[in-house]
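Dropping my_file-v9.cif in here (mmCIF, N, CA and C atoms):
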```
data_coords
loop_
_atom_site.label_atom_id
_atom_site.label_comp_id
_atom_site.auth_asym_id
_atom_site.auth_seq_id
_atom_site.Cartn_x
_atom_site.Cartn_y
_atom_site.Cartn_z
N MET A 1 -7.44 -12.92 -7.87
CA MET A 1 -6.39 -13.61 -7.17
C MET A 1 -5.41 -14.19 -8.19
N THR A 2 -4.12 -14.02 -8.00
CA THR A 2 -3.11 -14.59 -8.89
C THR A 2 -2.09 -15.36 -8.08
N SER A 3 -1.49 -16.33 -8.72
CA SER A 3 -0.39 -17.06 -8.09
C SER A 3 0.50 -17.61 -9.19
N SER A 4 1.77 -17.67 -8.91
CA SER A 4 2.71 -18.23 -9.86
C SER A 4 2.90 -19.70 -9.54
N THR A 5 2.80 -20.53 -10.53
CA THR A 5 2.87 -21.97 -10.32
C THR A 5 3.49 -22.63 -11.55
N SER A 6 3.51 -23.91 -11.56
CA SER A 6 4.01 -24.65 -12.71
C SER A 6 3.03 -25.75 -13.07
N VAL A 7 3.16 -26.24 -14.30
CA VAL A 7 2.33 -27.33 -14.80
C VAL A 7 3.26 -28.39 -15.35
N MET A 8 2.98 -29.64 -15.03
CA MET A 8 3.77 -30.74 -15.56
C MET A 8 2.99 -31.41 -16.69
N LEU A 9 3.65 -31.57 -17.82
CA LEU A 9 3.01 -32.16 -18.99
C LEU A 9 3.57 -33.56 -19.25
N LEU A 10 2.68 -34.51 -19.42
CA LEU A 10 3.08 -35.85 -19.83
C LEU A 10 2.84 -35.96 -21.34
N TYR A 11 3.58 -36.77 -22.02
CA TYR A 11 3.55 -36.85 -23.47
C TYR A 11 3.99 -38.24 -23.88
N GLY A 12 3.80 -38.59 -25.11
CA GLY A 12 4.25 -39.88 -25.59
C GLY A 12 3.67 -40.21 -26.95
N GLY A 13 4.18 -41.27 -27.53
CA GLY A 13 3.70 -41.73 -28.82
C GLY A 13 2.87 -42.97 -28.65
N PHE A 14 2.16 -43.32 -29.69
CA PHE A 14 1.28 -44.48 -29.62
C PHE A 14 2.04 -45.80 -29.71
N ASP A 15 3.29 -45.76 -30.18
CA ASP A 15 4.04 -47.01 -30.30
C ASP A 15 4.77 -47.39 -29.01
N GLY A 16 4.82 -46.47 -28.04
CA GLY A 16 5.43 -46.78 -26.74
C GLY A 16 6.94 -46.80 -26.72
N SER A 17 7.60 -46.44 -27.82
CA SER A 17 9.06 -46.48 -27.84
C SER A 17 9.66 -45.22 -27.22
N SER A 18 10.82 -45.38 -26.60
CA SER A 18 11.52 -44.24 -26.00
C SER A 18 11.92 -43.22 -27.05
N GLU A 19 12.29 -43.69 -28.23
CA GLU A 19 12.71 -42.79 -29.30
C GLU A 19 11.56 -41.88 -29.74
N THR A 20 10.39 -42.46 -29.93
CA THR A 20 9.22 -41.68 -30.32
C THR A 20 8.83 -40.71 -29.21
N THR A 21 8.83 -41.18 -27.98
CA THR A 21 8.47 -40.32 -26.85
C THR A 21 9.44 -39.15 -26.74
N ALA A 22 10.73 -39.39 -26.90
CA ALA A 22 11.73 -38.31 -26.83
C ALA A 22 11.51 -37.31 -27.97
N ALA A 23 11.22 -37.80 -29.17
CA ALA A 23 10.99 -36.92 -30.31
C ALA A 23 9.77 -36.03 -30.07
N ILE A 24 8.71 -36.59 -29.51
CA ILE A 24 7.53 -35.80 -29.19
C ILE A 24 7.85 -34.79 -28.10
N GLY A 25 8.62 -35.20 -27.10
CA GLY A 25 9.04 -34.27 -26.04
C GLY A 25 9.77 -33.07 -26.62
N HIS A 26 10.66 -33.30 -27.57
CA HIS A 26 11.39 -32.21 -28.21
C HIS A 26 10.43 -31.27 -28.96
N GLU A 27 9.43 -31.85 -29.63
CA GLU A 27 8.46 -31.03 -30.35
C GLU A 27 7.62 -30.19 -29.39
N VAL A 28 7.22 -30.79 -28.27
CA VAL A 28 6.41 -30.07 -27.28
C VAL A 28 7.21 -28.91 -26.70
N VAL A 29 8.47 -29.16 -26.32
CA VAL A 29 9.31 -28.10 -25.76
C VAL A 29 9.50 -26.98 -26.78
N ALA A 30 9.76 -27.32 -28.03
CA ALA A 30 9.95 -26.31 -29.07
C ALA A 30 8.68 -25.47 -29.24
N ALA A 31 7.52 -26.10 -29.23
CA ALA A 31 6.27 -25.37 -29.40
C ALA A 31 6.01 -24.45 -28.21
N LEU A 32 6.27 -24.92 -27.00
CA LEU A 32 6.08 -24.08 -25.82
C LEU A 32 7.00 -22.87 -25.86
N GLU A 33 8.27 -23.11 -26.17
CA GLU A 33 9.24 -22.02 -26.20
C GLU A 33 8.95 -21.03 -27.34
N ALA A 34 8.39 -21.51 -28.44
CA ALA A 34 8.03 -20.64 -29.55
C ALA A 34 6.92 -19.66 -29.18
N THR A 35 6.12 -20.03 -28.18
CA THR A 35 5.04 -19.14 -27.72
C THR A 35 5.47 -18.29 -26.54
N GLY A 36 6.74 -18.41 -26.14
CA GLY A 36 7.24 -17.58 -25.04
C GLY A 36 7.17 -18.22 -23.67
N LEU A 37 6.76 -19.47 -23.60
CA LEU A 37 6.72 -20.16 -22.31
C LEU A 37 8.06 -20.82 -22.03
N GLN A 38 8.40 -20.94 -20.76
CA GLN A 38 9.64 -21.60 -20.36
C GLN A 38 9.35 -23.07 -20.06
N ALA A 39 10.06 -23.95 -20.72
CA ALA A 39 9.89 -25.39 -20.53
C ALA A 39 11.17 -25.97 -19.95
N ASP A 40 11.04 -26.66 -18.84
CA ASP A 40 12.18 -27.35 -18.23
C ASP A 40 12.02 -28.84 -18.46
N TRP A 41 13.02 -29.43 -19.12
CA TRP A 41 12.99 -30.85 -19.42
C TRP A 41 14.42 -31.32 -19.61
N ASP A 42 14.75 -32.45 -19.02
CA ASP A 42 16.12 -32.95 -19.12
C ASP A 42 16.32 -33.93 -20.28
N ARG A 43 15.38 -33.93 -21.21
CA ARG A 43 15.41 -34.79 -22.41
C ARG A 43 15.25 -36.27 -22.10
N ASP A 44 14.83 -36.59 -20.90
CA ASP A 44 14.56 -37.97 -20.52
C ASP A 44 13.12 -38.29 -20.89
N PRO A 45 12.89 -39.26 -21.80
CA PRO A 45 11.53 -39.56 -22.23
C PRO A 45 10.65 -40.12 -21.11
N ASN A 46 11.25 -40.46 -19.99
CA ASN A 46 10.48 -40.97 -18.85
C ASN A 46 10.11 -39.88 -17.85
N ARG A 47 10.46 -38.63 -18.15
CA ARG A 47 10.16 -37.53 -17.24
C ARG A 47 9.22 -36.53 -17.89
N ALA A 48 8.40 -35.91 -17.06
CA ALA A 48 7.44 -34.90 -17.53
C ALA A 48 8.17 -33.61 -17.89
N ILE A 49 7.54 -32.82 -18.73
CA ILE A 49 8.01 -31.48 -19.06
C ILE A 49 7.34 -30.52 -18.09
N THR A 50 8.12 -29.63 -17.49
CA THR A 50 7.57 -28.65 -16.56
C THR A 50 7.52 -27.29 -17.21
N VAL A 51 6.35 -26.67 -17.19
CA VAL A 51 6.17 -25.32 -17.72
C VAL A 51 6.06 -24.40 -16.52
N THR A 52 7.00 -23.46 -16.41
CA THR A 52 7.02 -22.57 -15.26
C THR A 52 7.72 -21.27 -15.61
N PRO A 53 7.49 -20.19 -15.01
CA PRO A 53 6.34 -19.96 -14.13
C PRO A 53 5.11 -19.61 -14.95
N LEU A 54 3.97 -19.95 -14.43
CA LEU A 54 2.70 -19.59 -15.03
C LEU A 54 1.97 -18.67 -14.06
N ASP A 55 1.27 -17.72 -14.58
CA ASP A 55 0.51 -16.78 -13.77
C ASP A 55 -0.97 -17.12 -13.91
N TRP A 56 -1.46 -17.95 -12.98
CA TRP A 56 -2.86 -18.37 -13.02
C TRP A 56 -3.74 -17.27 -12.47
N ARG A 57 -4.84 -17.04 -13.12
CA ARG A 57 -5.80 -16.03 -12.66
C ARG A 57 -7.17 -16.64 -12.54
N ARG A 58 -7.81 -16.38 -11.42
CA ARG A 58 -9.16 -16.88 -11.21
C ARG A 58 -10.13 -15.98 -11.98
N ARG A 59 -11.04 -16.62 -12.67
CA ARG A 59 -12.03 -15.87 -13.43
C ARG A 59 -12.97 -15.13 -12.47
N LEU A 60 -13.23 -13.89 -12.79
CA LEU A 60 -14.17 -13.11 -11.99
C LEU A 60 -15.59 -13.49 -12.36
N LEU A 61 -16.42 -13.67 -11.37
CA LEU A 61 -17.82 -14.00 -11.60
C LEU A 61 -18.66 -12.75 -11.59
N GLY A 62 -19.67 -12.71 -12.41
CA GLY A 62 -20.61 -11.59 -12.34
C GLY A 62 -20.57 -10.73 -13.46
#
```

Rewrite the coordinates I just gave you, this time as structure tokens.
Amino acid sequence: MTSSTSVMLLYGGFDGSSETTAAIGHEVVAALEATGLQADWDRDPNRAITVTPLDWRRRLLG
């Protein structure tokens, strides 16, 4: 069984600052895109990064 879906990623720094969180968001988006995944993010450190579309596959048993 397959279905196309999306995953929302939360991220942040240990210092809690918006600047650090935004910098980490940029790094996460760059890493995702470098592997061929599409990342949707409006650069707002208060919003999650959405990775879409993903093709989830259920593992076959047996």

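The result of the PyMOL selection byres (((chain A and resi 43 and name CA) around 8) and name CA) on the shown file is A:Ala22, A:Gly25, A:His26, A:Trp41, A:Asp42, A:Asp44, A:Pro45, A:Arg47.
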
Inset, instruction - Could you please determine the separation between atom CA of Thr5 of chain A and atom CA of Thr35 of chain A in Å, to one decimal place? - result: 17.8 Å

Inset, instruction - Would you please extract all alpha helix (DSSP H) residues from chain A, as assigned by DSSP on the backbone, and give them as an NGL selection string? - result: :A and (18-34)

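Residues matched by the PyMOL selection byres ((chain A and resi 12) around 8) in this structure: Leu9, Leu10, Tyr11, Gly13, Phe14, Asp15, Gly16, Ser17, Thr20, Thr21, Ala22, Ile24, Gly25 and Pro45 of chain A.
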
Legend entry - Which residue of A:Glu33, A:Ser18, A:Gln38, A:Met8 approaches Pro53 of chain A most closely, using only C-alpha atoms: A:Gln38

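Across the model, the gap from atom CA of Leu32 of chain A to atom CA of Leu61 of chain A is 29.6 Å.
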
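Residues matched by the PyMOL selection byres (((chain A and resi 51 and name CA) around 6) and name CA) in this file are Ser6, Val7, Gln38, Ala39, Thr50 and Thr52 of chain A.
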
Selection export as a tab-separated table (two decimals), in the frame of the given file, atoms kept: N, CA and C atoms:
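Everything below was put into again-v4.tsv:
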```
chain	number	residue	atom	x	y	z
A	6	SER	N	3.51	-23.91	-11.56
A	6	SER	CA	4.01	-24.65	-12.71
A	6	SER	C	3.03	-25.75	-13.07
A	7	VAL	N	3.16	-26.24	-14.30
A	7	VAL	CA	2.33	-27.33	-14.80
A	7	VAL	C	3.26	-28.39	-15.35
A	38	GLN	N	8.40	-20.94	-20.76
A	38	GLN	CA	9.64	-21.60	-20.36
A	38	GLN	C	9.35	-23.07	-20.06
A	39	ALA	N	10.06	-23.95	-20.72
A	39	ALA	CA	9.89	-25.39	-20.53
A	39	ALA	C	11.17	-25.97	-19.95
A	50	THR	N	8.12	-29.63	-17.49
A	50	THR	CA	7.57	-28.65	-16.56
A	50	THR	C	7.52	-27.29	-17.21
A	52	THR	N	7.00	-23.46	-16.41
A	52	THR	CA	7.02	-22.57	-15.26
A	52	THR	C	7.72	-21.27	-15.61
```

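For the pair atom CA of Leu60 of chain A and atom CA of Gly36 of chain A, the separation is 25.5 Å.
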
Legend entry - Residues of chain A in strand (DSSP E), written as an MDAnalysis selection string: chainID A and resid 2:9 39:40 49:57
